[in-house]
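This report concerns only the one structure given below.
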Amino acid sequence: MPTRVTTKGQVTIPKEIRDRAGIRAGDEIEWSEAGGKIIGARVEIASPFARWRGACGSLGQSVDSLIEEMRGR
């Protein structure tokens, strides 16, 4: 499925390809060239919350007990 490059160097990724690759508005695409072909791949950006995943477990309490404690129960 051919697409056209605009004067600004922009292209539209066909919807079927965006859907299969999980590409959404605002996602970043990394471009490379191999064997005369241009390859685009969605850049996986780590969640800003990823570093906190599991942090409550290191406190020696369950999440439920921490919430109860914060609520004063």
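In the structure tokens, chains take letters A, B, ... by order of appearance, with residues numbered from 1 within each chain and ligands from 1 in the order shown.
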So that I can see what lies close to A:Ile23, please list as a list in words the residues with an atom at most 10 Å from it, counting only C-alpha atoms and leaving out residues fewer than 4 positions away in the same chain.
Ile13, Lys15, Ile17, Arg18, Asp19, Asp27, Glu28, Ile29, Ala41, Arg42 and Val43 of chain A
Which of chain A fall in strand (DSSP E), as a PyMOL selection string:
chain A and resi 29-34+37-42
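Relative to atom CA of A:Ser32, atom CA of A:Gly9 is found at 15.5 Å.
Rounded to one decimal, atom CA of A:Ile38 and atom CA of A:Val11 lie 12.5 Å from each other.
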